[in-house]
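Take a look at the structure below.
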Amino acid sequence: MNIGIVGLGLIGGSLGRAIKNKTDNKVYAFDTDKDAILKGRLLGAMDDELTEEKIRELDMLFFAVYPRTLEKIAENYVKRLKNGAIVIDICGNKRKPVETFKNLNAKYPMLHFSGGHCMAGREFSGISHSTVNLFDGASMILTPITSDLAVLTKIKTFFLDLGFKQTVFTTPEEQDKIIAYTSQLAHLVSSSYI
């Protein structure tokens with residue numbers, strides 16, 4: 001497959017590195033920070049830069065950006081994708097990204113959209129801190145817009161091939177609730193303690 005990644009931070013960079021090290025897929029990436037692109041090449045997180053021509057060849061596209069950024073840029077990429085392409089965001093929360101994807105799904109019904117949240121991370125950010133094995137044994141929470149069973153199976157298999165222990169399908173509201181209790185509450189308590 002040809003896979004695109006928009007955003008080469010810790011998660012996007014680790015995703016690219018895992019794809020390149022654990023599968024035979026091609027990775028094309030874009031980041032507004034040209035240093036991130038250079039590091040992506042040096043760390044083996046990508047085959048080449050994601051250009052307009054490459055967007056048309058993608059089978060799967062990941063957005064590893066903030067939800068506000070996703071809202072602004074998603075359609076610019078999505079409108080160029082070929083029929084049947086899979087689009088997944090890996091932003092932290094899901095309500096806004098899924099809302100963005102539902103609107104895009106109405107305009108581009110020939111594409112398959114899903115929200116996603118990798119339950120993995122580090123205390124550092126940026127592609128310089130990305131790792132090949134960041135997702136090993138982690139959970140992937142998916143909030144699909146598509147209901148095509150073959151596509152959902154393909155997505156699940158893809159993440160398991162990258163080293164995820166499991167994929168969990170849920171709603172955006174339930175996902176945000178899970179994250180609020182398991183992640184954000186822990187940050188709030190530790191910050192209060194300090």
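Residue numbers start at 1 in each chain; chains themselves are named A, B, ... in the order of the structure tokens; ligands are numbered from 1 in the order shown.
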Notebook entry, point to check: Skipping near chain neighbours, those fewer than 2 positions away, what residues fall within 8 Å of A:Arg56 using only C-alpha atoms, listed as a ChimeraX atom specification?
Noted result: /A:52-54,58,80-82
Selection to disk with all heavy atoms, as a PDB file, in the first residue's frame:
```pdb
ATOM      1  N   GLU A  52       1.355  16.598  -4.117  1.00  0.00           N
ATOM      2  CA  GLU A  52       0.003  16.500  -4.692  1.00  0.00           C
ATOM      3  C   GLU A  52      -0.132  15.264  -5.569  1.00  0.00           C
ATOM      4  O   GLU A  52      -1.161  14.598  -5.558  1.00  0.00           O
ATOM      5  CB  GLU A  52      -0.328  17.760  -5.488  1.00  0.00           C
ATOM      6  CG  GLU A  52      -0.657  18.935  -4.591  1.00  0.00           C
ATOM      7  CD  GLU A  52      -1.334  20.061  -5.328  1.00  0.00           C
ATOM      8  OE1 GLU A  52      -2.074  19.789  -6.307  1.00  0.00           O
ATOM      9  OE2 GLU A  52      -1.140  21.214  -4.921  1.00  0.00           O
ATOM     10  N   GLU A  53       0.913  14.951  -6.329  1.00  0.00           N
ATOM     11  CA  GLU A  53       0.862  13.764  -7.197  1.00  0.00           C
ATOM     12  C   GLU A  53       0.769  12.485  -6.370  1.00  0.00           C
ATOM     13  O   GLU A  53       0.047  11.560  -6.713  1.00  0.00           O
ATOM     14  CB  GLU A  53       2.105  13.693  -8.105  1.00  0.00           C
ATOM     15  CG  GLU A  53       2.251  14.839  -9.089  1.00  0.00           C
ATOM     16  CD  GLU A  53       2.769  16.127  -8.449  1.00  0.00           C
ATOM     17  OE1 GLU A  53       3.633  16.067  -7.547  1.00  0.00           O
ATOM     18  OE2 GLU A  53       2.279  17.207  -8.842  1.00  0.00           O
ATOM     19  N   LYS A  54       1.509  12.431  -5.269  1.00  0.00           N
ATOM     20  CA  LYS A  54       1.514  11.238  -4.402  1.00  0.00           C
ATOM     21  C   LYS A  54       0.179  11.057  -3.695  1.00  0.00           C
ATOM     22  O   LYS A  54      -0.231   9.930  -3.432  1.00  0.00           O
ATOM     23  CB  LYS A  54       2.648  11.313  -3.377  1.00  0.00           C
ATOM     24  CG  LYS A  54       4.030  11.275  -3.983  1.00  0.00           C
ATOM     25  CD  LYS A  54       4.346   9.926  -4.579  1.00  0.00           C
ATOM     26  CE  LYS A  54       5.774   9.920  -5.092  1.00  0.00           C
ATOM     27  NZ  LYS A  54       5.978   8.932  -6.122  1.00  0.00           N
ATOM     28  N   LEU A  58      -2.442   7.389  -2.895  1.00  0.00           N
ATOM     29  CA  LEU A  58      -2.533   6.831  -1.550  1.00  0.00           C
ATOM     30  C   LEU A  58      -3.688   5.858  -1.381  1.00  0.00           C
ATOM     31  O   LEU A  58      -4.795   6.084  -1.880  1.00  0.00           O
ATOM     32  CB  LEU A  58      -2.680   7.948  -0.514  1.00  0.00           C
ATOM     33  CG  LEU A  58      -1.518   8.917  -0.376  1.00  0.00           C
ATOM     34  CD1 LEU A  58      -1.839   9.978   0.670  1.00  0.00           C
ATOM     35  CD2 LEU A  58      -0.228   8.191  -0.018  1.00  0.00           C
ATOM     36  N   ARG A  80      -8.376  15.030  -3.044  1.00  0.00           N
ATOM     37  CA  ARG A  80      -7.451  14.522  -4.063  1.00  0.00           C
ATOM     38  C   ARG A  80      -7.285  12.993  -4.017  1.00  0.00           C
ATOM     39  O   ARG A  80      -6.639  12.415  -4.872  1.00  0.00           O
ATOM     40  CB  ARG A  80      -6.081  15.168  -3.880  1.00  0.00           C
ATOM     41  CG  ARG A  80      -6.070  16.647  -4.168  1.00  0.00           C
ATOM     42  CD  ARG A  80      -4.681  17.226  -3.910  1.00  0.00           C
ATOM     43  NE  ARG A  80      -4.573  18.579  -4.389  1.00  0.00           N
ATOM     44  CZ  ARG A  80      -4.948  19.654  -3.710  1.00  0.00           C
ATOM     45  NH1 ARG A  80      -5.476  19.531  -2.523  1.00  0.00           N
ATOM     46  NH2 ARG A  80      -4.802  20.861  -4.231  1.00  0.00           N
ATOM     47  N   LEU A  81      -7.848  12.354  -2.991  1.00  0.00           N
ATOM     48  CA  LEU A  81      -7.660  10.907  -2.828  1.00  0.00           C
ATOM     49  C   LEU A  81      -8.462  10.108  -3.839  1.00  0.00           C
ATOM     50  O   LEU A  81      -9.530  10.526  -4.282  1.00  0.00           O
ATOM     51  CB  LEU A  81      -8.062  10.484  -1.412  1.00  0.00           C
ATOM     52  CG  LEU A  81      -7.168  10.963  -0.283  1.00  0.00           C
ATOM     53  CD1 LEU A  81      -7.818  10.684   1.057  1.00  0.00           C
ATOM     54  CD2 LEU A  81      -5.796  10.316  -0.359  1.00  0.00           C
ATOM     55  N   LYS A  82      -7.952   8.922  -4.162  1.00  0.00           N
ATOM     56  CA  LYS A  82      -8.664   8.041  -5.078  1.00  0.00           C
ATOM     57  C   LYS A  82      -9.812   7.349  -4.347  1.00  0.00           C
ATOM     58  O   LYS A  82      -9.815   7.236  -3.111  1.00  0.00           O
ATOM     59  CB  LYS A  82      -7.707   7.005  -5.670  1.00  0.00           C
ATOM     60  CG  LYS A  82      -7.131   6.026  -4.662  1.00  0.00           C
ATOM     61  CD  LYS A  82      -6.148   5.083  -5.335  1.00  0.00           C
ATOM     62  CE  LYS A  82      -5.529   4.122  -4.332  1.00  0.00           C
ATOM     63  NZ  LYS A  82      -4.519   3.263  -4.949  1.00  0.00           N
TER      64      LYS A  82
END
```
Give one line per residue of stretch 66-152 of chain A that approaches stretch 22-29 of chain A to at most 12 Å, naming the two atoms of the closest pair and their distance in Å to one decimal, counting only C-alpha atoms; sort by chain then ascending residue number and deliver it as a tab-separated table.
```
residue	atom	partner	partner_atom	distance
A:Val132	CA	A:Lys22	CA	8.7
A:Asn133	CA	A:Lys22	CA	9.7
A:Phe135	CA	A:Lys22	CA	11.6
A:Asp136	CA	A:Lys22	CA	11.1
```
- Query: Among stretch 27-147 of chain A, which ones does DSSP place in alpha helix (DSSP H), written as number ranges by chain?
  - Reply: A: 34-42, 52-55, 67-78, 95-107
Item to complete: Mind checking which residues fall within 10 Å of A:Ile155, counting only C-alpha atoms, ignoring those fewer than 2 positions away in the same chain, and posting them as a VMD selection string?
Response: chain A and resid 60 86 88 114 142 144 149 to 153 157 to 161 167
Need to verify the contact set: A:Val65, 9 Å, only C-alpha atoms, exclusion of same-chain residues closer than 5 positions in sequence. Can you return it as a list in words?
Val6, Gly7, Leu8, Gly9, Gly12, Leu70, Asp89, Ile90, Cys91 and Gly92 of chain A
Selected residues written out, N, CA and C atoms, as a PDB file, in the first residue's frame:
```pdb
ATOM      1  N   VAL A   6       0.377  13.010   7.481  1.00  0.00           N
ATOM      2  CA  VAL A   6       0.469  14.464   7.599  1.00  0.00           C
ATOM      3  C   VAL A   6       0.738  14.765   9.061  1.00  0.00           C
ATOM      4  N   GLY A   7       1.932  15.261   9.355  1.00  0.00           N
ATOM      5  CA  GLY A   7       2.346  15.560  10.721  1.00  0.00           C
ATOM      6  C   GLY A   7       3.388  14.569  11.190  1.00  0.00           C
ATOM      7  N   LEU A   8       4.634  15.005  11.284  1.00  0.00           N
ATOM      8  CA  LEU A   8       5.731  14.126  11.690  1.00  0.00           C
ATOM      9  C   LEU A   8       6.260  14.489  13.079  1.00  0.00           C
ATOM     10  N   GLY A   9       5.373  14.442  14.054  1.00  0.00           N
ATOM     11  CA  GLY A   9       5.805  14.618  15.440  1.00  0.00           C
ATOM     12  C   GLY A   9       6.131  13.261  16.030  1.00  0.00           C
ATOM     13  N   GLY A  12       3.243  10.699  14.619  1.00  0.00           N
ATOM     14  CA  GLY A  12       3.365  10.534  13.172  1.00  0.00           C
ATOM     15  C   GLY A  12       4.705   9.941  12.777  1.00  0.00           C
ATOM     16  N   LEU A  70      -6.523  19.845  11.874  1.00  0.00           N
ATOM     17  CA  LEU A  70      -7.250  18.886  11.034  1.00  0.00           C
ATOM     18  C   LEU A  70      -8.432  19.553  10.350  1.00  0.00           C
ATOM     19  N   ASP A  89      -7.635   9.831  11.410  1.00  0.00           N
ATOM     20  CA  ASP A  89      -6.924  10.837  12.197  1.00  0.00           C
ATOM     21  C   ASP A  89      -6.397  10.150  13.444  1.00  0.00           C
ATOM     22  N   ILE A  90      -5.253  10.597  13.930  1.00  0.00           N
ATOM     23  CA  ILE A  90      -4.728  10.071  15.192  1.00  0.00           C
ATOM     24  C   ILE A  90      -4.475  11.230  16.159  1.00  0.00           C
ATOM     25  N   CYS A  91      -5.470  12.137  16.183  1.00  0.00           N
ATOM     26  CA  CYS A  91      -5.476  13.239  17.138  1.00  0.00           C
ATOM     27  C   CYS A  91      -5.850  12.669  18.507  1.00  0.00           C
ATOM     28  N   GLY A  92      -5.635  13.432  19.558  1.00  0.00           N
ATOM     29  CA  GLY A  92      -5.917  12.957  20.909  1.00  0.00           C
ATOM     30  C   GLY A  92      -7.389  12.771  21.214  1.00  0.00           C
TER      31      GLY A  92
END
```
Exercise. Could you please determine the separation between atom CA of A:Arg122 and atom CA of A:Gly163 in Å, to one decimal place?
Key: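 Separation between atom CA of A:Arg122 and atom CA of A:Gly163: 16.6 Å.
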Q | From A:Gly126, A:Phe101, A:Lys96, A:Lys154, residue lying nearest A:Asp33 [only C-alpha atoms] | A |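 Among the listed residues, A:Gly126 lies closest to A:Asp33.
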Self-check item: Nearest to A:Ser128 by atom-to-atom distance, counting only C-alpha atoms, from A:Met110, A:Ile5, A:Ile19, A:Ala45
Solution: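 Closest to A:Ser128, using only C-alpha atoms: A:Ala45.
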When you draw a straight line from atom CA of A:Thr100 to atom CA of A:Asp148, how long is it in Å?
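Atom-to-atom, atom CA of A:Thr100 to atom CA of A:Asp148, that is 19.3 Å.
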Would you mind listing what lies within 12 Å of A:Phe30 as a ChimeraX atom specification, with only C-alpha atoms counted and same-chain residues fewer than 4 positions away left out?
/A:3-9,12-13,16,34-41,45-52,54-55,61-65,77
Keeping only N, CA and C atoms, write the selected residues as a CSV table (one decimal), in the first residue's frame.
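Saved file result.csv follows:
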```csv
chain,number,residue,atom,x,y,z
A,3,ILE,N,1.0,4.8,1.7
A,3,ILE,CA,0.4,5.4,2.9
A,3,ILE,C,1.0,6.8,3.1
A,4,GLY,N,0.1,7.8,3.4
A,4,GLY,CA,0.5,9.1,3.6
A,4,GLY,C,0.3,9.5,5.1
A,5,ILE,N,1.3,10.3,5.6
A,5,ILE,CA,1.2,10.8,7.0
A,5,ILE,C,1.4,12.3,6.9
A,6,VAL,N,0.4,13.0,7.5
A,6,VAL,CA,0.5,14.5,7.6
A,6,VAL,C,0.7,14.8,9.1
A,7,GLY,N,1.9,15.3,9.4
A,7,GLY,CA,2.3,15.6,10.7
A,7,GLY,C,3.4,14.6,11.2
A,8,LEU,N,4.6,15.0,11.3
A,8,LEU,CA,5.7,14.1,11.7
A,8,LEU,C,6.3,14.5,13.1
A,9,GLY,N,5.4,14.4,14.1
A,9,GLY,CA,5.8,14.6,15.4
A,9,GLY,C,6.1,13.3,16.0
A,12,GLY,N,3.2,10.7,14.6
A,12,GLY,CA,3.4,10.5,13.2
A,12,GLY,C,4.7,9.9,12.8
A,13,GLY,N,5.8,10.4,13.4
A,13,GLY,CA,7.1,9.9,13.2
A,13,GLY,C,7.2,8.4,13.6
A,16,GLY,N,5.3,6.3,11.1
A,16,GLY,CA,6.1,6.1,9.8
A,16,GLY,C,7.2,5.1,10.0
A,34,LYS,N,10.3,21.8,7.9
A,34,LYS,CA,11.2,21.1,7.0
A,34,LYS,C,12.3,20.3,7.7
A,35,ASP,N,12.6,20.7,9.0
A,35,ASP,CA,13.6,19.9,9.7
A,35,ASP,C,12.9,18.5,10.1
A,36,ALA,N,11.6,18.5,10.3
A,36,ALA,CA,10.9,17.2,10.6
A,36,ALA,C,11.0,16.3,9.4
A,37,ILE,N,10.8,16.9,8.2
A,37,ILE,CA,10.9,16.1,7.0
A,37,ILE,C,12.3,15.5,6.9
A,38,LEU,N,13.3,16.3,7.1
A,38,LEU,CA,14.7,15.8,7.0
A,38,LEU,C,15.0,14.7,8.0
A,39,LYS,N,14.5,14.9,9.3
A,39,LYS,CA,14.7,13.9,10.3
A,39,LYS,C,13.9,12.6,9.9
A,40,GLY,N,12.7,12.8,9.3
A,40,GLY,CA,11.9,11.7,8.9
A,40,GLY,C,12.6,10.8,7.9
A,41,ARG,N,13.3,11.5,7.0
A,41,ARG,CA,14.2,10.7,6.0
A,41,ARG,C,15.3,10.0,6.7
A,45,ALA,N,11.5,7.1,8.6
A,45,ALA,CA,10.1,7.2,8.8
A,45,ALA,C,9.3,7.4,7.5
A,46,MET,N,10.0,7.5,6.4
A,46,MET,CA,9.3,7.8,5.2
A,46,MET,C,10.2,7.5,4.0
A,47,ASP,N,9.5,7.2,2.9
A,47,ASP,CA,10.2,7.0,1.6
A,47,ASP,C,10.4,8.3,0.9
A,48,ASP,N,9.4,9.2,0.9
A,48,ASP,CA,9.5,10.4,0.2
A,48,ASP,C,8.5,11.4,0.7
A,49,GLU,N,8.6,12.6,0.3
A,49,GLU,CA,7.7,13.7,0.7
A,49,GLU,C,6.3,13.5,0.1
A,50,LEU,N,5.3,13.8,0.8
A,50,LEU,CA,3.9,13.7,0.3
A,50,LEU,C,3.6,14.9,-0.6
A,51,THR,N,3.6,14.7,-1.9
A,51,THR,CA,3.3,15.8,-2.8
A,51,THR,C,1.8,15.6,-3.4
A,52,GLU,N,1.4,16.6,-4.1
A,52,GLU,CA,0.0,16.5,-4.7
A,52,GLU,C,-0.1,15.3,-5.6
A,54,LYS,N,1.5,12.4,-5.3
A,54,LYS,CA,1.5,11.2,-4.4
A,54,LYS,C,0.2,11.1,-3.7
A,55,ILE,N,-0.5,12.2,-3.3
A,55,ILE,CA,-1.8,12.1,-2.7
A,55,ILE,C,-2.8,11.2,-3.5
A,61,LEU,N,-4.5,7.3,4.4
A,61,LEU,CA,-3.9,8.6,4.8
A,61,LEU,C,-4.2,8.9,6.3
A,62,PHE,N,-3.1,9.2,7.0
A,62,PHE,CA,-3.2,9.5,8.4
A,62,PHE,C,-2.9,11.0,8.6
A,63,PHE,N,-3.7,11.6,9.5
A,63,PHE,CA,-3.5,12.9,10.0
A,63,PHE,C,-3.0,12.8,11.5
A,64,ALA,N,-1.8,13.2,11.7
A,64,ALA,CA,-1.2,13.2,13.1
A,64,ALA,C,-1.0,14.6,13.5
A,65,VAL,N,-2.1,15.4,13.5
A,65,VAL,CA,-2.0,16.8,13.8
A,65,VAL,C,-3.1,17.2,14.9
A,77,TYR,N,-6.6,17.7,1.4
A,77,TYR,CA,-6.0,16.4,1.1
A,77,TYR,C,-7.0,15.4,0.6
```
List the spatial neighbours of A:Met140 as a CSV table (one decimal) with all heavy atoms, in the first residue's frame - criterion: any atom at most 6 Å away, only C-alpha atoms, same-chain residues fewer than 4 positions off excluded.
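Saved the output as selection_33.csv:
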```csv
chain,number,residue,atom,x,y,z
A,117,HIS,N,-7.0,6.7,18.0
A,117,HIS,CA,-6.2,7.3,19.1
A,117,HIS,C,-5.3,6.1,19.5
A,117,HIS,O,-5.7,5.1,20.0
A,117,HIS,CB,-7.1,7.7,20.3
A,117,HIS,CG,-6.3,8.4,21.3
A,117,HIS,ND1,-6.8,9.3,22.2
A,117,HIS,CD2,-4.9,8.4,21.6
A,117,HIS,CE1,-5.9,9.8,23.0
A,117,HIS,NE2,-4.8,9.2,22.7
A,118,CYS,N,-4.0,6.3,19.3
A,118,CYS,CA,-2.9,5.4,19.7
A,118,CYS,C,-2.7,5.6,21.2
A,118,CYS,O,-2.4,6.7,21.7
A,118,CYS,CB,-1.6,5.7,19.0
A,118,CYS,SG,-1.7,5.9,17.3
A,119,MET,N,-3.0,4.5,22.0
A,119,MET,CA,-2.8,4.6,23.4
A,119,MET,C,-1.3,4.4,23.8
A,119,MET,O,-0.9,3.4,24.4
A,119,MET,CB,-3.7,3.6,24.1
A,119,MET,CG,-5.2,3.9,23.9
A,119,MET,SD,-5.6,5.6,24.4
A,119,MET,CE,-5.3,5.6,26.2
A,167,THR,N,-7.2,-3.6,18.9
A,167,THR,CA,-7.9,-2.5,18.4
A,167,THR,C,-9.3,-2.5,19.0
A,167,THR,O,-9.9,-3.6,19.1
A,167,THR,CB,-8.0,-2.5,16.9
A,167,THR,OG1,-8.6,-3.7,16.5
A,167,THR,CG2,-6.7,-2.3,16.2
```
Can you tell me, as a CSV table (one decimal) with C-alpha atoms, in the first residue's frame, which residues in stretch 57-181 of chain A count as strand (DSSP E) by DSSP?
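Final output, saved to part.csv:
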```
chain,number,residue,atom,x,y,z
A,60,MET,CA,-4.4,5.2,3.3
A,61,LEU,CA,-3.9,8.6,4.8
A,62,PHE,CA,-3.2,9.5,8.4
A,63,PHE,CA,-3.5,12.9,10.0
A,86,ILE,CA,-9.0,5.0,4.0
A,87,VAL,CA,-8.6,8.2,6.0
A,88,ILE,CA,-7.7,8.1,9.7
A,89,ASP,CA,-6.9,10.8,12.2
A,112,HIS,CA,-13.6,5.5,4.2
A,113,PHE,CA,-13.1,7.6,7.4
A,114,SER,CA,-12.2,6.7,10.9
A,115,GLY,CA,-11.1,8.4,14.0
A,116,GLY,CA,-8.2,6.8,15.9
A,117,HIS,CA,-6.2,7.3,19.1
A,118,CYS,CA,-2.9,5.4,19.7
A,139,SER,CA,-4.2,-0.4,22.3
A,140,MET,CA,-5.6,1.5,19.3
A,141,ILE,CA,-9.0,3.0,19.9
A,142,LEU,CA,-11.0,3.5,16.6
A,143,THR,CA,-14.1,5.6,16.1
A,144,PRO,CA,-15.1,4.6,12.5
A,166,GLN,CA,-5.5,-4.8,20.3
A,167,THR,CA,-7.9,-2.5,18.4
A,168,VAL,CA,-11.0,-1.3,20.1
A,169,PHE,CA,-14.0,0.1,18.2
```
Expressed in Å, the length from atom CA of A:Pro97 to atom CA of A:Leu134 is 23.0 Å
Counting only C-alpha atoms, closest pick from A:Gly84, A:Gly44, A:Pro109, A:Pro67 relative to A:Lys20 is A:Gly44
Judged by only C-alpha atoms, the minimum distance to A:Lys102 among A:Ile145, A:Leu162, A:Leu10, A:Ala138 is found for A:Ile145
